Structures are given as C-alpha cells and as structure tokens.
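To keep things clear, I will list the structure first and then write my remarks on it.
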Amino acid sequence: MVVLSKLSDKIDQLGVPKPLIAHALVGAAIMAWSLKVAVPILIKNSKQKDEKVSSNGILKTQVSDEEESKVAEAEKLLVAQNLKNKKAKEPGLNKEFFKQLKEMIKIMIPRLASYETGLLGVHTLCLISRTFLSIYVAQLEGTIVKYIVRKDVKQFCLVLLKWFGIAIPATFVNSMIRFLESKLALAFRTRLVRHAYRLYFKNQNYYRVSNLDGRIENADHRLTEDINVFATSIAHLYGSVTKPCFDLMLIGLSLMRSSQKMESNIFSGPLLSGSVILLSAHIMRVLSPKFGQLVSEEANRYGYLRHIHSRIITNAEEIAFYGGHKVELQQLRQAYNRLVKQMNNIFTQKLWFVMLEQFFMKYVWSGTGMVMVSLPILTGSAGSSSKPGSSSSSESMVSERTQYLTTARNLLISASDAIERLMSSYKEIVALAGYTSRVAGMFEVFEETAQGIYSKTTVAKSNETEGVIEFQNGLPVAKGRIIYASPDSTSISLRSVPVVTPNCDVVVPCLNLEIEPGMHLLITGPNGCGKSSLFRILSGLWPIYAGELHIPKPVEDKPCMFYIPQRPYMSIGSLCDQIIYPDSREDMARKGITQNELRSIMKMVTLEHIVERDGFDVVRDWKDILSGGEKQRMAVARLFYHKPKYALLDECTSAVSIDVESNMYESAKAMGITLLTITHRPTLWKFHTHILEFDGLGAWTFRKMEADEKQKKYD
Ligand SMILES: Nc1ncnc2c1ncn2[C@@H]1O[C@H](COP(=O)(O)OP(=O)(O)OP(=O)(O)O)[C@@H](O)[C@H]1O
C-alpha cells in the first residue's frame with residue numbers, strides 16, 4: 001500500500017491525470033483479452049501453414065501427434081471409459097451427480113445417531129455462532145464510531161473493551177470451525193475407506209477389477225487419493241455453503257431492522273441486491289467452463305502417471321537388465337506432459353473465469369451495496385422532521401446516521417464475502433462432481449464385479465464365440481455353474497466347460513475332465529494353449545461361460561486346492577509368515593503347528609539354512625532377499641504346511657535343481673496331495689499317472705499315462 005501511495009504521489013507530481021491511467025489500465029486489460037482470443041487462432045493457422053510448407057515440419061508434427069495419441073490410447077485403455085455398450089457419463093451438476101452423492105452420503109452418515117452427525121451438529125452450531133458474532137462485532141463497530149462522532153470518551157472506552165472481549169470467543173470459534181472441518185473430513189474418509197476395502201476384498205474383487213474388468217484403471221489411486229480429496233472437499237463444502245447462507249439470512253434481517261430504524265422502505269434494498277446477484281450469478285453459470293469434466297480428466301491423467309511410476313518400481317530389476325530406461329523415461333515424460341497440458345488448460349480457463357467473477361463480485365456488487373446502504377438515508381424520513389435550529393437533535397441524528405452507515409457497511413462487507421464464498425462454492429461443487437463420479441463409479445464397479453458383471457472394451461461377439469458364449473445386450477453371460485459337492489466327495493469334474501479368456505477369446509471350446517484323488521495329472525501343450533487358464537477356472541478366478549464345475553466344498557483349516565505359480569508371492573512379514581501364508585499366527589496356533597514342524601518343512605525343501613541365518617521371526621523383504629529358486633522352494637514349503645487335497649503346480653519348480661525338485665514331488669505324494677502339474681520338464685513325468693495334452697488349437701486329450709511312456713520321456 002505504501003509503495004502504491006508513493007507511486008500515486010509520483011504520478012501526481014508528473015502531472016499525469018488519474019483518469020488517463022485508469023483508461024490505460026482498462027485498455028491493457030482489453031488488449032490482454034484480445035490476445036488470449038487471437039493468439040491460439042494465429043498459432044493454429046501458422047501450424048497449419050508450417051505443415052503445408054515444410055516436409056520436415058510435417059514429420060515432426062505427425063510424430064508428436066502420434067506419440068500423444070499413443071499415450072492417450074494407453075490412458076484410454078487404462079481408464080476404459082468409452083465402453084462399447086455403456087455411454088460414458090460425463091461428470092457435472094446433473095441428476096446422476098445428485099444420485100451418486102446421495103449414495104455416498106448414506107455411506108458417510110449411515111445412521112441419524114452417529115459420530116458424523118454429532119460432528120456435523122457441533123460444526124453447524126459453531127458456524128451459526130460465528131455469524132452472530134460477526135453481526136455483533138459489526139454493530140459494536142457502528143456504536144464505537146457513533147461515540148467517536150459524539151466525542152463521548154467514557155462510552156467509547158467501554159464499547160472498545162467489549163470489542164476486545166468478543167475477540168476471544170470469536171477466534172476460538174474460528175479455530176474450532178477449522179478443527180471440526182478436518183475431523184469431519186477424516187470421519188467421512190474413514191467410512192468411505194472401510195466401505196471401499198470391504199468391497200475391494202469381496203469375492204476376489206482385487207483380482208477381478210484389474211484382470212477381468214476394464215473400467216477402473218488404477219484402483220490404488222481411487223482408493224487412496226480420490227477418496228481423500230472427495231472427503232476433504234465435501235467437508236469443506238458443507239462449511240463454505242452453510243456459513244454464507246446463515247450469514248446472508250441473518251445479515252439481511254439485521255440490515256432490514258436498521259432500515260426500519262431509519263424509517264425507510266425495508267424491501268427496496270434487498271430486492272435490488274437480490275435481483276443483481278441472481279442476474280450476475282446466472283451470467284457466471286452460463287459462462288463457467290465445465291470444471292467437473294476438466295478436473296476428472298486431470299485426475300485420470302494423474303492416475304496414469306502414478307500407474308507408470310508404480311510399474312517402474314515393480315519391474316525395476318527387469319527394466320535395469322534390459323536397459324529399458326529410455327522407453328520408460330519417454331513414457332513417463334509423455335504421461336507428465338499430458339498432465340501438464342490439462343493443468344495448463346484448467347489454469348487458462350480459470351484465468352478468464354476468475355476475472356469475470358471478480359468483476360461482478362468486486363465492482364457490480366459493491367456498487368449495488370453502496371446504493372442499498374444509501375437508500376434508507378436518502379429516502380428515509382428519520383430526522384427530516386426535526387426542528388430546524390435544534391443543534392443537539394441534529395448532532396444526535398448525524399451520529400445515528402454514521403452508526404447506521406458504519407454498521408451497514410461492515411455487514412455488507414460480510415454479506416458480499418458470503419456471496420463470494422457461495423459463488424466459489426459453485427466451482428467446488430462442480431469439481432466435487434468429478435470426484436464423486438470417480439469414487440461412486442469405483443463402488444459401482446466393485447459391486448458389479450463382485451457379482452460377476454464385467455465390462456471390457458475388447459469384448460465382442462464373433463464366429464469363434466458363437467455357440468460357446470451367450471451374449472446379452474452385447475455383454476457375455478457367465479452361464480456356467482460352480483457346484484460345491486459335499487466334503488465327502490473328493491473328486492473334481494469339469495463338464496462341458498469352455499476355457500474363455502476375459503477378452504472372450506475361446507481357448508478351448510469344451511473341456512470334460514474327471515479327476516479323482518491320487519490321479520496325478522500332468523498338463524502339457526504349447527505356449528498360450530490354456531494350461532494356466534484351466535487353473536484360473538478351477539480356482540474360480542475366471543468366469544465359467546457354460547457347463548458345470550464340480551469341486552469339493554472347502555473344509556475349514558484344510559483347503560481343497562492350493563495354487564503355486566512360477567513366481568511366488570512373498571508377503572510382508574517374517575519367515576514364519578511366508579511359510580504359513582495366507583494363515584495368520586493365530587491360525588497356526590489353532591491348528592497346533594509348532595516351529596519345530598515348520599523347521600522340518602523347511603528341511604524338506606532344503607531351506608534350513610535360511611532358518612539358521614534369519615530365524616523365524618525377523619521381518620525382511622523376502623521378495624528381494626531370496627533367489628528365484630529359493631522363492632519357489634518357499635512356495636512348496638507353503639504347500640507342505642497347508643497339505644491341501646489338490647496342488648495346482650504351474651511350473652512352480654522351474655528354477656529348482658532337479659534333485660531337490662524330485663525330493664519335493666516325492667514328499668508331496670507321500671503326504672497324500674494329488675498333483676496337477678503344468679511343466680515342460682520331462683523329469684517330472686514319472687511322478688504322474690495321467691496326462692492332459694492341449695494341441696494349442698482348442699483340442700485336447702486326457703488319458704492314463706503308460707509306464708513305459710514315463711520312462712521314455714525321462715530318457
Ligand atoms: N488376463 C488375461 N486377459 C486376457 N487374455 C488372457 C489373460 N491371461 C491369459 N490370456 C490369454 O489366454 C490364452 C491362454 O493363456 P494361458 O496363460 O492359459 O497359457 P499357457 O498355456 O499357460 O501358456 P504358457 O505355457 O506360456 O504359460 C493366451 O492366449 C493368453 O494370451
């Protein structure tokens with residue numbers, strides 16, 4: 001301010017008239033706006049010209065466009081918004097938003113008598129008290145000015161003391177409002193997170209969402225960032241909508257009372273300001289950019305960037321071995337550049353919208369406020385009937401008017417502040433629509449995938465799927481059934497079950513199998529013929545589109561099937577936690593398994609040296625500490641711990657030396673575990689009694705293995 005006033009003095013000294021400067025400023029603003037409109041058009045035109053003139057230029061533009069579209073395509077694949085049969089819903093202030101918000105509120109406030117309602121109640125109380133305090137402070141300031149005009153020192157000091165006194169509760173209430181807002185946001189977030197986690201782990205949804213459905217690109221981002229932003233924004237919005245509403249209501253009443261005191265028409269002011277505000281709000285609403293869509297798109301791009309980062313972290317070793325940093329860096333850069341582009345787009349749109357907003361709020365409304373405040377004095381009859389010449393009464397009238405003006409001015413400042421906050425809340429609501437759509441959309445997808453309803457972009461009806469999969473409304477229907485037989489029945493049977501991938505590619509049109517305990521089955525065939533897919537179907541991960549799958553009902557503490565992949569998963573925890581996974585220590589204690597038994601299991605898989613080295617209870621990053629072969633042996637140790645009826649072994653010993661592998665197979669058979677093995681190693685043939693051979697074209701044979709055949713393969 002000091003600098004500005006000095007500058008103003010300097011201008012006065014130079015003799016430049018101030019109106020001229022004001023005109024120059026307005027001219028500069030208009031020029032800036034014209035540039036904003038004209039420059040993009042000029043750039044576009046010049047780009048088109050460049051493309052025509054320079055062949056080099058054409059190449060560059062095409063290449064960057066291609067790269068851009070490649071990233072956009074990857075993003076789209078990830079986001080998979082443009083589903084074939086489901087029109088993507090654009091987030092915005094529409095019926096869908098209110099429906100979704102209602103659902104979310106039901107999750108955040110499940111009961112009328114809940115912790116969240118209590119918080120909301122106290123928060124509302126604080127907001128109302130803050131409004132009353134603001135009005136009281138405005139009135140006190142009016143009274144202070146009145147006593148200054150009257151030169152009444154005693155009263156002035158008394159009111160000033162009151163003014164200081166009110167500062168203590170006022171500042172406490174302010175701080176309390178912020179505190180309660182944060183508590184509310186956290187409470188909402190906790191409810192949403194609990195609900196989301198419950199859904200995410202329902203019916204193997206964490207697998208289904210990313211493998212069988214294409215609507216949610218990166219669930220981790222939605223489960224963490226989006227829920228957090230949504231909860232924070234809705235808690236903030238509650239305060240930033242209700243407080244200005246209370247402010248406006250109570251300030252309006254207070255202003256009407258003051259006008260009444262001045263004996264003027266109490267309706268003209270509110271009517272005038274109401275119409276100006278409504279009209280300007282309508283203009284701003286019409287001209288407002290679609291912030292909901294913009295924010296949602298920004299979140300998508302941000303999510304994609306995070307997805308690439310997490311891919312690099314997960315596959316760091318492979319990328320380092322390949323020396324693939326150039327490709328990864330380029331992908332990261334492209335993803336970041338697309339995010340920046342979207343953010344810049346939002347900033348630019350905001351620049352012009354904020355300018356328009358400020359014009360209405362700072363100038364049009366202030367002008368209306370001035371008219372509104374002056375109306376009761378200019379048109380009111382208070383004081384006009386006082387006798388001429390009576391100096392004491394005219395002095396008192398002047399001080400009354402000054403008090404009215406000061407109070408009204410303060411109240412108007414608060415009111416305009418309230419309207420400004422309401423207006424900016426509109427933008428927040430539109431942005432909230434974007435977050436609501438992402439969080440509610442995630443819940444919707446979770447609910448559907450848990451029921452086996454999937455949507456993938458690549459799903460299509462074709463000649464190949466004809467007669468194998470049934471389609472309804474363009475979506476495949478999983479008509480097959482999983483039948484859990486009584487625990488006494490120990491066989492697994494597949495009756496006319498097709499092996500179909502989540503993309504609806506039919507790998508094997510019809511498979512019939514009857515596996516009894518002790519029937520050790522070897523599964524072979526070329527790459528991609530559906531061997532692992534069969535395991536996915538047996539484990540219930542992939543939907544069954546036809547036929548029936550009969551499996552024994554799982555009995556508590558003894559799983560029917562136990563799957564071991566080529567790259568076993570190492571959980572967070574100690575060595576003991578790795579062996580007993582997915583059991584917990586409590587489960588282990590309940591089953592009565594001791595550390596000595598774990599030690600002998602480790603001996604069976606020749607990993608006793610790890611027990612000697614690290615003990616059972618030290619928490620380590622086992623994924624990095626153990627070698628490939630050690631991890632596979634650890635997975636077999638898990639199998640020995642759980643002792644299931646059937647073991648689904650998917651090349652799970654490919655990195656284990658042949659002698660250790662043979663010992664492990666012998667031990668498994670001795671434990672009474674029936675083996676279903678996918679392998680390319682001939683050394684394993686001798687441990688099996690039956691063979692299932694896929695030809696890679698959809699056909700298969702299932703037969704008993706001849707004794708000489710086992711030997712022949714071994715040779
Ligand atoms: N999640 C998935 N989504 C779509 N298609 C898949 C998915 N997983 C596998 N497929 C496809 O299903 C087919 C069978 O795959 P599967 O993993 O069963 O092969 P496999 O016989 O085990 O091969 P390999 O010997 O190489 O392990 C392949 O064409 C593969 O591309």
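Going through the structure tokens in order, the chains are called A, B, and so on, while each chain numbers its residues from 1 and the ligands are numbered from 1 in the order shown.
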Contacts of Gly292 of chain A at 6 Å or less, counting only C-alpha atoms, minus same-chain residues fewer than 3 places along, as a PyMOL selection string? chain A and resi 91-92+295+430-431+433-434
With the cut-off set at 7 Å and counting only C-alpha atoms and all ligand atoms, tabulate each residue of chain A with an atom at most that distance from an atom of ligand 1, showing the nearest atom pair and its distance in Å to one decimal, ordered by chain and increasing number, as CSV.
residue,atom,partner,partner_atom_place_in_ligand_line,distance
A:Asn211,CA,ligand 1,1 (N),5.2
A:Leu212,CA,ligand 1,1 (N),6.7
A:Thr501,CA,ligand 1,5 (N),4.7
A:Pro502,CA,ligand 1,3 (N),4.9
A:Asn503,CA,ligand 1,4 (C),5.0
A:Val507,CA,ligand 1,13 (C),6.2
A:Gly525,CA,ligand 1,21 (O),6.7
A:Pro526,CA,ligand 1,25 (O),6.0
A:Asn527,CA,ligand 1,26 (O),3.7
A:Gly528,CA,ligand 1,19 (O),3.4
A:Cys529,CA,ligand 1,21 (O),4.0
A:Gly530,CA,ligand 1,18 (O),3.2
A:Lys531,CA,ligand 1,21 (O),3.8
A:Ser532,CA,ligand 1,22 (O),3.7
A:Ser533,CA,ligand 1,18 (O),3.6
A:Leu534,CA,ligand 1,18 (O),6.5
Shortest contact to Glu116 of chain A, candidates A:Leu160, A:Ile551, A:Leu184, A:Val500, atoms counted only C-alpha atoms, goes to A:Leu184
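Using only C-alpha atoms, the smallest distance between any of A:Leu125, A:Met664, A:Ile564, A:Ala320 and Glu651 of chain A comes from A:Ile564.
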Determine which residues of segment 569-638 of chain A receive a DSSP assignment of alpha helix (DSSP H), computed from the backbone, and state them as a PyMOL selection string. chain A and resi 575-580+585-591+595-604+608-614+622-625+628-638
